[in-house]
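**Q** Structure file coords.pdb (PDB, C-alpha atoms) right here:
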```pdb
ATOM      1  CA  MET X   1     -43.936  30.279 -18.488
ATOM      2  CA  VAL X   2     -45.781  27.029 -17.819
ATOM      3  CA  ILE X   3     -43.612  24.043 -18.605
ATOM      4  CA  LEU X   4     -45.540  20.913 -19.495
ATOM      5  CA  GLU X   5     -44.242  17.658 -18.015
ATOM      6  CA  GLU X   6     -43.126  16.315 -21.425
ATOM      7  CA  ASN X   7     -41.115  19.523 -21.978
ATOM      8  CA  ARG X   8     -39.213  19.409 -18.663
ATOM      9  CA  LYS X   9     -36.383  17.405 -20.220
ATOM     10  CA  THR X  10     -36.290  19.868 -23.108
ATOM     11  CA  VAL X  11     -36.001  22.933 -20.865
ATOM     12  CA  GLU X  12     -33.082  21.253 -19.069
ATOM     13  CA  LYS X  13     -31.069  21.504 -22.293
ATOM     14  CA  LEU X  14     -31.687  25.256 -22.553
ATOM     15  CA  LYS X  15     -31.005  25.680 -18.835
ATOM     16  CA  GLN X  16     -27.713  23.781 -19.122
ATOM     17  CA  TYR X  17     -26.676  25.925 -22.091
ATOM     18  CA  PHE X  18     -26.991  29.119 -20.035
ATOM     19  CA  ILE X  19     -25.265  27.557 -17.020
ATOM     20  CA  ASP X  20     -22.395  26.396 -19.277
ATOM     21  CA  VAL X  21     -21.882  29.921 -20.643
ATOM     22  CA  GLY X  22     -21.544  31.227 -17.090
ATOM     23  CA  PHE X  23     -24.918  32.498 -15.837
ATOM     24  CA  GLU X  24     -25.890  32.230 -12.154
ATOM     25  CA  VAL X  25     -28.727  29.766 -11.483
ATOM     26  CA  GLU X  26     -31.140  32.499 -10.307
ATOM     27  CA  ASP X  27     -30.503  34.477 -13.519
ATOM     28  CA  VAL X  28     -31.015  31.347 -15.601
ATOM     29  CA  GLU X  29     -34.490  30.871 -14.113
ATOM     30  CA  LYS X  30     -35.388  34.449 -15.100
ATOM     31  CA  ILE X  31     -33.972  33.937 -18.616
ATOM     32  CA  LEU X  32     -35.926  30.691 -19.143
ATOM     33  CA  HIS X  33     -39.211  32.473 -18.449
ATOM     34  CA  SER X  34     -38.573  34.722 -21.467
ATOM     35  CA  PHE X  35     -38.470  31.812 -23.939
ATOM     36  CA  GLN X  36     -41.343  29.893 -25.508
ATOM     37  CA  LEU X  37     -41.046  26.372 -26.855
ATOM     38  CA  LYS X  38     -42.335  25.966 -30.400
ATOM     39  CA  GLU X  39     -42.458  22.757 -32.408
ATOM     40  CA  PHE X  40     -41.843  22.763 -36.151
ATOM     41  CA  GLU X  41     -42.852  20.080 -38.584
ATOM     42  CA  LYS X  42     -40.583  19.345 -41.532
ATOM     43  CA  GLU X  43     -40.875  22.035 -44.252
ATOM     44  CA  THR X  44     -42.424  24.681 -41.962
ATOM     45  CA  TYR X  45     -40.943  28.170 -41.687
ATOM     46  CA  PHE X  46     -39.395  30.084 -38.796
ATOM     47  CA  VAL X  47     -38.680  33.086 -41.068
ATOM     48  CA  GLU X  48     -40.276  33.944 -44.412
ATOM     49  CA  GLU X  49     -38.953  36.353 -47.012
ATOM     50  CA  GLY X  50     -40.842  39.650 -46.995
ATOM     51  CA  LYS X  51     -41.976  39.371 -43.363
ATOM     52  CA  ILE X  52     -40.295  41.163 -40.446
ATOM     53  CA  SER X  53     -38.627  38.745 -38.042
ATOM     54  CA  ARG X  54     -38.653  39.930 -34.413
ATOM     55  CA  HIS X  55     -37.425  36.720 -32.793
ATOM     56  CA  LEU X  56     -34.255  34.744 -32.192
ATOM     57  CA  ALA X  57     -34.300  31.049 -31.329
ATOM     58  CA  PHE X  58     -32.220  28.413 -29.591
ATOM     59  CA  VAL X  59     -32.338  25.156 -31.539
ATOM     60  CA  GLU X  60     -33.377  22.391 -29.156
ATOM     61  CA  SER X  61     -33.577  19.764 -31.897
ATOM     62  CA  GLY X  62     -33.818  19.534 -35.675
ATOM     63  CA  VAL X  63     -32.000  20.966 -38.667
ATOM     64  CA  PHE X  64     -32.929  24.411 -40.030
ATOM     65  CA  GLN X  65     -31.994  25.736 -43.473
ATOM     66  CA  TYR X  66     -31.381  29.396 -44.334
ATOM     67  CA  PHE X  67     -31.992  29.977 -48.032
ATOM     68  CA  VAL X  68     -32.759  32.617 -50.638
ATOM     69  CA  LEU X  69     -34.586  32.241 -53.933
ATOM     70  CA  LYS X  70     -32.591  33.318 -56.961
ATOM     71  CA  GLU X  71     -34.224  32.964 -60.373
ATOM     72  CA  GLY X  72     -36.693  30.519 -58.833
ATOM     73  CA  GLU X  73     -33.927  28.316 -57.447
ATOM     74  CA  GLU X  74     -33.151  27.770 -53.757
ATOM     75  CA  ARG X  75     -29.651  28.778 -52.653
ATOM     76  CA  THR X  76     -28.798  27.519 -49.171
ATOM     77  CA  THR X  77     -26.689  30.025 -47.257
ATOM     78  CA  TYR X  78     -26.427  28.394 -43.840
ATOM     79  CA  ILE X  79     -27.618  25.469 -41.722
ATOM     80  CA  SER X  80     -28.436  25.623 -37.990
ATOM     81  CA  ILE X  81     -28.406  22.506 -35.816
ATOM     82  CA  ALA X  82     -29.071  21.698 -32.146
ATOM     83  CA  ASN X  83     -27.466  23.816 -29.400
ATOM     84  CA  THR X  84     -27.055  26.920 -31.551
ATOM     85  CA  PHE X  85     -28.916  30.217 -31.759
ATOM     86  CA  MET X  86     -30.421  31.347 -35.038
ATOM     87  CA  GLY X  87     -32.360  34.199 -36.601
ATOM     88  CA  SER X  88     -32.610  36.418 -39.641
ATOM     89  CA  LEU X  89     -30.191  39.042 -38.294
ATOM     90  CA  LEU X  90     -30.740  41.847 -40.790
ATOM     91  CA  SER X  91     -34.516  41.677 -40.420
ATOM     92  CA  TYR X  92     -34.324  41.267 -36.645
ATOM     93  CA  LEU X  93     -31.878  44.123 -36.006
ATOM     94  CA  ASN X  94     -33.309  46.643 -38.494
ATOM     95  CA  GLU X  95     -36.957  45.545 -38.264
ATOM     96  CA  THR X  96     -37.149  45.318 -42.037
ATOM     97  CA  PRO X  97     -38.692  42.549 -44.175
ATOM     98  CA  ALA X  98     -36.511  39.429 -44.280
ATOM     99  CA  ARG X  99     -34.576  38.742 -47.470
ATOM    100  CA  GLU X 100     -34.296  35.032 -46.700
ATOM    101  CA  TYR X 101     -36.228  32.029 -45.477
ATOM    102  CA  ILE X 102     -35.425  29.803 -42.501
ATOM    103  CA  ARG X 103     -37.148  26.439 -42.814
ATOM    104  CA  ALA X 104     -37.157  23.190 -40.853
ATOM    105  CA  LEU X 105     -35.415  20.461 -42.874
ATOM    106  CA  THR X 106     -36.510  17.974 -40.210
ATOM    107  CA  ALA X 107     -39.074  18.103 -37.433
ATOM    108  CA  GLY X 108     -37.604  20.212 -34.650
ATOM    109  CA  LYS X 109     -38.101  22.249 -31.510
ATOM    110  CA  LEU X 110     -37.055  25.862 -30.975
ATOM    111  CA  TRP X 111     -36.922  27.948 -27.828
ATOM    112  CA  VAL X 112     -38.045  31.307 -29.222
ATOM    113  CA  ILE X 113     -37.451  34.726 -27.647
ATOM    114  CA  SER X 114     -38.815  38.069 -28.844
ATOM    115  CA  LYS X 115     -36.792  41.241 -29.290
ATOM    116  CA  ASP X 116     -38.849  42.888 -26.510
ATOM    117  CA  GLU X 117     -37.976  40.086 -24.084
ATOM    118  CA  ILE X 118     -34.291  40.353 -25.021
ATOM    119  CA  THR X 119     -34.355  44.103 -24.288
ATOM    120  CA  LYS X 120     -36.048  43.405 -20.953
ATOM    121  CA  LEU X 121     -33.422  40.798 -19.985
ATOM    122  CA  GLN X 122     -30.580  43.166 -20.909
ATOM    123  CA  ASN X 123     -32.053  45.772 -18.536
ATOM    124  CA  GLU X 124     -32.602  43.292 -15.706
ATOM    125  CA  ILE X 125     -29.462  41.122 -15.957
ATOM    126  CA  PRO X 126     -26.160  42.903 -16.771
ATOM    127  CA  ALA X 127     -24.513  39.599 -17.746
ATOM    128  CA  PHE X 128     -27.246  38.991 -20.330
ATOM    129  CA  LYS X 129     -26.339  42.201 -22.155
ATOM    130  CA  ALA X 130     -22.725  41.000 -22.508
ATOM    131  CA  PHE X 131     -23.971  37.559 -23.633
ATOM    132  CA  TYR X 132     -26.301  39.101 -26.222
ATOM    133  CA  ILE X 133     -23.595  41.377 -27.654
ATOM    134  CA  GLY X 134     -21.225  38.395 -27.838
ATOM    135  CA  LEU X 135     -23.886  36.326 -29.611
ATOM    136  CA  LEU X 136     -24.457  39.040 -32.227
ATOM    137  CA  GLU X 137     -20.708  39.541 -32.718
ATOM    138  CA  TRP X 138     -20.231  35.800 -33.217
ATOM    139  CA  GLN X 139     -23.076  35.691 -35.794
ATOM    140  CA  ILE X 140     -21.651  38.683 -37.682
ATOM    141  CA  CYS X 141     -18.172  37.083 -37.710
ATOM    142  CA  CYS X 142     -19.648  33.838 -39.102
ATOM    143  CA  ILE X 143     -21.354  35.769 -41.901
ATOM    144  CA  GLU X 144     -18.131  37.658 -42.707
ATOM    145  CA  LYS X 145     -16.018  34.479 -42.722
ATOM    146  CA  SER X 146     -18.512  32.742 -44.968
ATOM    147  CA  ARG X 147     -18.525  35.698 -47.384
ATOM    148  CA  PHE X 148     -14.732  35.891 -47.579
ATOM    149  CA  ASP X 149     -14.381  32.114 -47.923
ATOM    150  CA  LEU X 150     -16.789  32.131 -50.864
ATOM    151  CA  ILE X 151     -14.661  34.784 -52.597
ATOM    152  CA  THR X 152     -11.122  33.723 -51.666
ATOM    153  CA  LEU X 153     -11.163  29.914 -51.324
ATOM    154  CA  THR X 154     -11.733  27.185 -53.876
ATOM    155  CA  ALA X 155     -14.662  24.794 -53.390
ATOM    156  CA  GLU X 156     -12.172  22.123 -52.252
ATOM    157  CA  GLN X 157     -10.673  24.482 -49.666
ATOM    158  CA  ARG X 158     -14.131  25.461 -48.405
ATOM    159  CA  TYR X 159     -15.060  21.779 -47.999
ATOM    160  CA  GLU X 160     -11.767  21.028 -46.213
ATOM    161  CA  LYS X 161     -12.419  23.979 -43.897
ATOM    162  CA  ILE X 162     -15.833  22.583 -42.925
ATOM    163  CA  LEU X 163     -14.214  19.176 -42.375
ATOM    164  CA  ALA X 164     -11.631  20.747 -40.061
ATOM    165  CA  GLU X 165     -13.773  23.315 -38.226
ATOM    166  CA  GLU X 166     -17.338  21.958 -38.246
ATOM    167  CA  PRO X 167     -17.206  18.192 -38.910
ATOM    168  CA  HIS X 168     -20.447  17.719 -36.920
ATOM    169  CA  LEU X 169     -22.326  19.606 -39.659
ATOM    170  CA  LEU X 170     -21.477  16.901 -42.180
ATOM    171  CA  GLN X 171     -23.417  14.357 -40.108
ATOM    172  CA  HIS X 172     -26.578  16.487 -40.176
ATOM    173  CA  ILE X 173     -26.690  18.192 -43.582
ATOM    174  CA  PRO X 174     -27.994  16.360 -46.668
ATOM    175  CA  LEU X 175     -25.432  16.607 -49.487
ATOM    176  CA  GLN X 176     -27.520  18.813 -51.790
ATOM    177  CA  TYR X 177     -27.730  21.494 -49.072
ATOM    178  CA  LEU X 178     -24.047  21.208 -48.227
ATOM    179  CA  ALA X 179     -23.234  21.660 -51.929
ATOM    180  CA  SER X 180     -25.436  24.772 -52.013
ATOM    181  CA  VAL X 181     -23.704  26.219 -48.901
ATOM    182  CA  LEU X 182     -20.358  25.648 -50.669
ATOM    183  CA  GLY X 183     -21.650  27.302 -53.854
ATOM    184  CA  ILE X 184     -21.242  24.197 -56.038
ATOM    185  CA  THR X 185     -23.367  21.440 -57.575
ATOM    186  CA  PRO X 186     -23.973  18.127 -55.752
ATOM    187  CA  ARG X 187     -21.998  16.376 -58.542
ATOM    188  CA  HIS X 188     -18.981  18.649 -57.964
ATOM    189  CA  LEU X 189     -19.227  17.962 -54.217
ATOM    190  CA  SER X 190     -19.223  14.191 -54.856
ATOM    191  CA  ARG X 191     -15.998  14.576 -56.874
ATOM    192  CA  ILE X 192     -14.382  16.623 -54.115
ATOM    193  CA  ARG X 193     -15.373  14.058 -51.465
ATOM    194  CA  LYS X 194     -13.884  11.216 -53.564
ATOM    195  CA  ASN X 195     -10.601  13.091 -54.046
ATOM    196  CA  ILE X 196     -10.244  13.969 -50.357
ATOM    197  CA  ARG X 197     -10.857  10.443 -49.006
TER     198      ARG X 197
END
```
Any chance you could give the structure as structure tokens?

**A**
Amino acid sequence: MVILEENRKTVEKLKQYFIDVGFEVEDVEKILHSFQLKEFEKETYFVEEGKISRHLAFVESGVFQYFVLKEGEERTTYISIANTFMGSLLSYLNETPAREYIRALTAGKLWVISKDEITKLQNEIPAFKAFYIGLLEWQICCIEKSRFDLITLTAEQRYEKILAEEPHLLQHIPLQYLASVLGITPRHLSRIRKNIR
């Protein structure tokens, strides 16, 4: 991987992430060589419905929206922000066409890694295999929690849960997308926000 001078600062963020989660420096260098930096303009797609997604990405900067189209209307299911991993898990794991879109809501940068490179790293670095399994487990748990919350909690309770557990999201997500994640209209969300203040 050739790192351009203007991207040196950017790679430091990815490097620090892997150091913080416990990798040895020599392993981190090997891991970094498996990623490619890609820049996304606002409204461009990382994943498109109907296409197989064979990549995961670390969000260096920007805000990325997961959404599905239902009866011609966008339904936001999740938002990814800086310092998180993202991907269309079902498509990636099963190598089947994606059932969702992942789009840049703002200009952003992603460190992208292919499934082949992930397999290679798991074979070369035992700690990476444990990291990868943990990452997938965490993603699956997030999906499960979100599904149960949508069924068992009221919109007010779901909003309060985001306030308590992920307050940083509220600084990055435009209200119409937050409302969609909560399964309500922007007007309903405005009422909830007024009542909670």

**Q** When you draw a straight line from atom CA of Ser61 of chain X to atom CA of Val181 of chain X, how long is it in Å?

**A**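 Atom CA of Val181 of chain X lies at a distance of 20.7 Å from atom CA of Ser61 of chain X.
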
**Q** Which residues fall under the PyMOL selection byres ((chain X and resi 44) around 6) in this file, as a PDB file with C-alpha atoms, in the frame of the given file?

**A**
```pdb
ATOM      1  CA  GLU X  41     -42.852  20.080 -38.584  1.00  0.00           C
ATOM      2  CA  LYS X  42     -40.583  19.345 -41.532  1.00  0.00           C
ATOM      3  CA  GLU X  43     -40.875  22.035 -44.252  1.00  0.00           C
ATOM      4  CA  TYR X  45     -40.943  28.170 -41.687  1.00  0.00           C
ATOM      5  CA  ARG X 103     -37.148  26.439 -42.814  1.00  0.00           C
ATOM      6  CA  ALA X 104     -37.157  23.190 -40.853  1.00  0.00           C
TER       7      ALA X 104
END
```

**Q** Smallest atom-to-atom distance to Ala130 of chain X: which of X:Phe23, X:Val11, X:Ser80, X:Tyr92, using all atoms listed in the file?

**A**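 Checking each of X:Phe23, X:Val11, X:Ser80, X:Tyr92 against Ala130 of chain X, counting all atoms listed in the file, the winner is X:Phe23.
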
**Q** How would you write as an mmCIF file with C-alpha atoms, in the coordinates of the input the residues that get within 8 Å of (-31.3, 17.2, -36.5) in the file's frame, counting all atoms listed in the file?

**A**
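Result saved to selection_15.cif:
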```cif
data_model
loop_
_atom_site.group_PDB
_atom_site.id
_atom_site.type_symbol
_atom_site.label_atom_id
_atom_site.label_comp_id
_atom_site.auth_asym_id
_atom_site.auth_seq_id
_atom_site.Cartn_x
_atom_site.Cartn_y
_atom_site.Cartn_z
ATOM 1 C CA SER X 61 -33.577 19.764 -31.897
ATOM 2 C CA GLY X 62 -33.818 19.534 -35.675
ATOM 3 C CA VAL X 63 -32.000 20.966 -38.667
ATOM 4 C CA ILE X 81 -28.406 22.506 -35.816
ATOM 5 C CA ALA X 82 -29.071 21.698 -32.146
ATOM 6 C CA THR X 106 -36.510 17.974 -40.210
ATOM 7 C CA ALA X 107 -39.074 18.103 -37.433
ATOM 8 C CA GLY X 108 -37.604 20.212 -34.650
ATOM 9 C CA HIS X 172 -26.578 16.487 -40.176
#
```

**Q** Hey, can you check how far atom CA of Asp116 of chain X sits from atom CA of Trp138 of chain X?

**A** 21.0 Å

**Q** Using all atoms listed in the file, which of X:Pro126, X:Gly87, X:Pro167, X:Gly72 sits nearest Leu56 of chain X?

**A**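 When distances to Leu56 of chain X are compared using all atoms listed in the file, the smallest one comes from X:Gly87.
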
**Q** Go ahead and compute the interatomic distance for atom CA of Leu37 of chain X and atom CA of Lys51 of chain X, in Å to one decimal.

**A**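 Computed distance, atom CA of Leu37 of chain X to atom CA of Lys51 of chain X, equals 21.0 Å.
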
**Q** I'd like to know which of X:Leu163, X:Val47, X:Leu93, X:Val25 is closest to Lys115 of chain X, using all atoms listed in the file.

**A**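 Between X:Leu163, X:Val47, X:Leu93, X:Val25, the residue approaching Lys115 of chain X most closely is X:Leu93.
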
**Q** Counting all atoms listed in the file, which of X:Ile52, X:Ile192, X:Ile125, X:Ala57 gets nearest to Tyr101 of chain X?

**A** X:Ile52

**Q** Run the PyMOL selection byres ((chain X and resi 139) around 12) mentally over the shown coordinates, then write out the matched residues as a count of residues only, using the chain letters and numbers from the document.

**A** 24

**Q** Box along x, y and z, 5 Å on every side, all listed atoms of segment 59-74 of chain X inside: centre and edge lengths in Å to one decimal, as JSON.

**A**
```
{"center_x": -34.0, "center_y": 26.4, "center_z": -44.8, "size_x": 15.3, "size_y": 23.8, "size_z": 41.2}
```

**Q** Around the point (-29.2, 43.5, -26.1), in the coordinates given by the file, pick out the residues reaching within 6 Å, counting only C-alpha atoms, and return them as a list of chain:residue names.

**A**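 Neighbouring residues, ordered by chain and number, come to X:Thr119, X:Gln122, X:Lys129, X:Tyr132.
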
**Q** Written as JSON, numbers by chain, what is the full residue list that the PyMOL selection byres ((chain X and resi 179) around 10) yields on the file shown?

**A** {"X": [75, 76, 155, 159, 173, 174, 175, 176, 177, 178, 180, 181, 182, 183, 184, 185, 186, 187, 188, 189, 190]}
